[in-house]
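Enquirer: Sharing a structure here in structure tokens format.
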Amino acid sequence: MQSTRILLVDNGSLEAATTLGLRHLSQEVTRIIGHEVHPVSVLHSQKVAPELLANKPAQIFSEAILQAGRDGIKKIIILPLFMGPSLAITEFIPAQFTLHATKDMQMVVADTLFGADGELCDILIDNLKATSWQKDKSTVLLCDHGTPIIEVNQVRNLLAEEIRKKLGLNSHQLLACSMERREGDQYAFNEPLLESALSKVSAHAIVLMQFLLPGRHAGTGGDVAEICEKHAPTGISWELSPLIGTHPNLPRLLARRYSELKA
């Protein structure tokens with residue numbers, strides 16, 4: 001493995017907690033697979049003050065590829081910390097690799113988290129059960145960030161279908177929604193938004209967080225919580241589930257994606 005480098009890549013954030021969470025995940029995956037996994041962000045994280053990151057600056061993807069070239073690395077393995085085929089995976093990472101890699105360097109990208117193995121669905125169900133959810137008294141709002149890519153949005157909807165089937169829920173007991181969306185009819189597939197989904201809750205809402213790591217959107221007092229505080233109808237209680245990135249099975253799922261490359 002001396003000529004190979006494994007990168008666990010997330011989208012990146014200006015929040016230190018996101019980078020710290022990514023580092024923890026990379027350490028856990030390293031422990032499972034027995035090879036060092038480097039935490040890397042697509043963008044943004046290099047702007048976080050190093051003193052908030054144990055005086056170790058975050059590394060973004062372009063820097064990681066340049067460093068790999070200096071270190072004589074010939075093969076890059078990408079473990080995407082993404083639900084589905086976002087533009088970061090399909091366009092940005094390949095473009096940056098082409099721009100910064102040495103001529104003899106190769107890149108292999110593992111599958112994203114959502115897959116036929118159903119593991120992501122099981123993680124979300126565990127996170128739901130970690131709340132005060134009661135099947136006949138709570139409305140579940142499976143909430144993702146929102147996306148300009150319909151294939152990524154389909155991950156949200158397929159997860160909702162899987163969870164309903166496994167828990168015996170109907171479409172009124174579990175709604176799929178998004179935190180936000182871009183303007184324009186071409187992005188209407190993100191509907192309903194969380195703020196409108198809250199209006200369909202009769203008593204108690206569990207926002208099942210299809211978010212990976214804490215940050216501006218999903219962290220304490222973040223955008224999702226702010227939307228709930230602002231738009232939950234009077235008399236409706238609500239709570240947020242744990243994040244996917246805190247579940248102990250996520251490192252094993254990432255390790256499985258790595259092993260699938262070797263199969």
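Identifiers in this document derive from the order of the structure tokens: chains are assigned A, B, ..., residues are numbered from 1 separately in each chain, and ligands are numbered from 1 in order of occurrence.
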If you count only C-alpha atoms, which residues fall within 12 Å of Thr234 (chain A), apart from same-chain ones fewer than 4 positions away, as a list in words?
Expert: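 Contacts, in chain order: Leu198, Ser199, Val201, Ser202, Ala203, His204, Cys228, Glu229, Lys230 and Trp238 of chain A.
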Enquirer: Output C-alpha atoms for every residue in the selection just made, as a JSON list (two decimals), in the first residue's frame.
Expert:
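What ended up in result_7.json:
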[["chain", "number", "residue", "atom", "x", "y", "z"],
["A", 198, "LEU", "CA", -44.08, 20.47, 9.33],
["A", 199, "SER", "CA", -47.57, 21.77, 8.60],
["A", 201, "VAL", "CA", -47.75, 17.08, 11.52],
["A", 202, "SER", "CA", -50.65, 16.60, 13.92],
["A", 203, "ALA", "CA", -48.83, 16.28, 17.24],
["A", 204, "HIS", "CA", -45.18, 15.28, 17.33],
["A", 228, "CYS", "CA", -38.37, 23.75, 12.97],
["A", 229, "GLU", "CA", -38.43, 26.53, 15.55],
["A", 230, "LYS", "CA", -39.81, 28.99, 13.04],
["A", 238, "TRP", "CA", -40.46, 18.27, 17.43]]
Enquirer: Name all residues at most 12 Å from Ile227 (chain A) (count only C-alpha atoms; drop same-chain ones fewer than 2 positions away) and give them as JSON, numbers by chain.
Expert: {"A": [143, 178, 179, 180, 193, 194, 195, 196, 197, 198, 199, 207, 217, 218, 221, 222, 223, 224, 225, 229, 230, 231, 232, 233, 238, 239, 240]}
Enquirer: With a distance cut-off of 10 Å and only C-alpha atoms, select the neighbouring residues of His247 (chain A), excluding the residue or stretch itself and same-chain residues fewer than 3 positions from it, and output the selection as a ChimeraX atom specification.
Expert: /A:123-124,126-127,212,242-244,250-252
Enquirer: Mind writing the picked residues with N, CA and C atoms as a short mmCIF file (atom, residue, chain, number, x, y, z; two decimals), in the first residue's frame?
Expert:
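File produced: part13.cif:
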data_model
loop_
_atom_site.label_atom_id
_atom_site.label_comp_id
_atom_site.auth_asym_id
_atom_site.auth_seq_id
_atom_site.Cartn_x
_atom_site.Cartn_y
_atom_site.Cartn_z
N ILE A 123 -29.19 2.18 9.45
CA ILE A 123 -28.61 3.22 10.31
C ILE A 123 -29.67 4.28 10.63
N LEU A 124 -30.41 4.69 9.63
CA LEU A 124 -31.46 5.69 9.85
C LEU A 124 -32.54 5.17 10.79
N ASP A 126 -32.14 2.93 13.15
CA ASP A 126 -31.55 2.97 14.50
C ASP A 126 -31.60 4.39 15.07
N ASN A 127 -31.27 5.35 14.23
CA ASN A 127 -31.30 6.75 14.70
C ASN A 127 -32.71 7.21 15.04
N LEU A 212 -24.85 13.85 7.50
CA LEU A 212 -23.75 13.02 7.97
C LEU A 212 -23.05 13.57 9.20
N PRO A 242 -30.34 11.68 15.87
CA PRO A 242 -28.88 11.74 15.72
C PRO A 242 -28.48 11.80 14.25
N LEU A 243 -27.26 12.22 13.99
CA LEU A 243 -26.74 12.28 12.62
C LEU A 243 -26.18 10.93 12.20
N ILE A 244 -26.19 10.68 10.92
CA ILE A 244 -25.69 9.41 10.39
C ILE A 244 -24.24 9.19 10.77
N LEU A 250 -21.46 3.25 10.61
CA LEU A 250 -21.02 3.97 9.41
C LEU A 250 -19.58 3.64 9.03
N PRO A 251 -18.62 3.57 9.97
CA PRO A 251 -17.27 3.16 9.56
C PRO A 251 -17.23 1.78 8.91
N ARG A 252 -18.07 0.87 9.39
CA ARG A 252 -18.11 -0.46 8.79
C ARG A 252 -18.69 -0.41 7.37
#
Enquirer: Using only C-alpha atoms, which protein or nucleic acid residues come within 8 Å of Ile65 (chain A)? Drop anything in the same chain fewer than 4 positions from it, and give the result as a list in words.
Expert: Phe61, Gly69, Phe97, His100 and Ala101 of chain A
Enquirer: Select from region 55-98 of chain A every residue with an atom at most 12 Å from any atom of region 155-160 of chain A, then for each give the shortest pair of atoms and their distance in Å to one decimal, using only C-alpha atoms, rows by chain and rising number, as a Markdown table.
Expert:
| residue | atom | partner | partner_atom | distance |
| --- | --- | --- | --- | --- |
| A:Phe82 | CA | A:Val155 | CA | 10.8 |
| A:Met83 | CA | A:Val155 | CA | 7.2 |
| A:Gly84 | CA | A:Val155 | CA | 6.6 |
| A:Pro85 | CA | A:Val155 | CA | 9.4 |
| A:Ser86 | CA | A:Val155 | CA | 10.8 |
Enquirer: Quick one: residues within 6 Å of region 40-56 of chain A, only C-alpha atoms, excluding same-chain residues fewer than 2 positions away - as a VMD selection string?
Expert: chain A and resid 8 to 14 58 to 61
Enquirer: So, with only C-alpha atoms as the atoms that count, which of A:Leu20, A:Leu66, A:Leu142, A:Leu87 lies closest to Phe211 (chain A)?
Expert: A:Leu142
Enquirer: Check the DSSP output for the backbone and give back, as a PyMOL selection string, the residues of region 73-245 of chain A in strand (DSSP E).
Expert: chain A and resi 75-80+106-109+138-144+174-178+204-209+237-240
Enquirer: Would you compute the distance between CA of Met209 (chain A) and CA of Arg182 (chain A)? Give it in Å to one decimal.
Expert: 19.8 Å
Enquirer: Find the distance between CA of Arg216 (chain A) and CA of Leu81 (chain A) and write it in Å to one decimal.
Expert: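 So the answer is 17.2 Å.
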Enquirer: As a ChimeraX atom specification, please: the residues near Leu79 (chain A) (cut-off 9 Å, only C-alpha atoms, same-chain neighbours under 5 positions excluded).
Expert: /A:6-10,37,108-112,254-255,257-258
Enquirer: Quick one: distance from CA of Lys262 (chain A) to CA of Met107 (chain A) in Å, one decimal?
Expert: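 Pair CA of Lys262 (chain A) / CA of Met107 (chain A) returns 13.9 Å.
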Enquirer: Considering only C-alpha atoms, tabulate each residue of region 100-154 of chain A that lies at most 10 Å from region 183-192 of chain A along with its nearest interatomic pair and the corresponding distance in Å to one decimal; arrange the rows by chain and ascending residue number and present them as CSV.
Expert:
residue,atom,partner,partner_atom,distance
A:Cys143,CA,A:Pro192,CA,9.8
A:Asp144,CA,A:Asn190,CA,9.2
A:His145,CA,A:Asn190,CA,9.2
A:Gly146,CA,A:Asn190,CA,6.0
A:Thr147,CA,A:Asn190,CA,7.0
A:Pro148,CA,A:Tyr187,CA,6.1
A:Ile149,CA,A:Tyr187,CA,8.2
A:Ile150,CA,A:Phe189,CA,7.0
A:Val152,CA,A:Asn190,CA,9.9
A:Asn153,CA,A:Asn190,CA,6.6
A:Gln154,CA,A:Phe189,CA,8.9
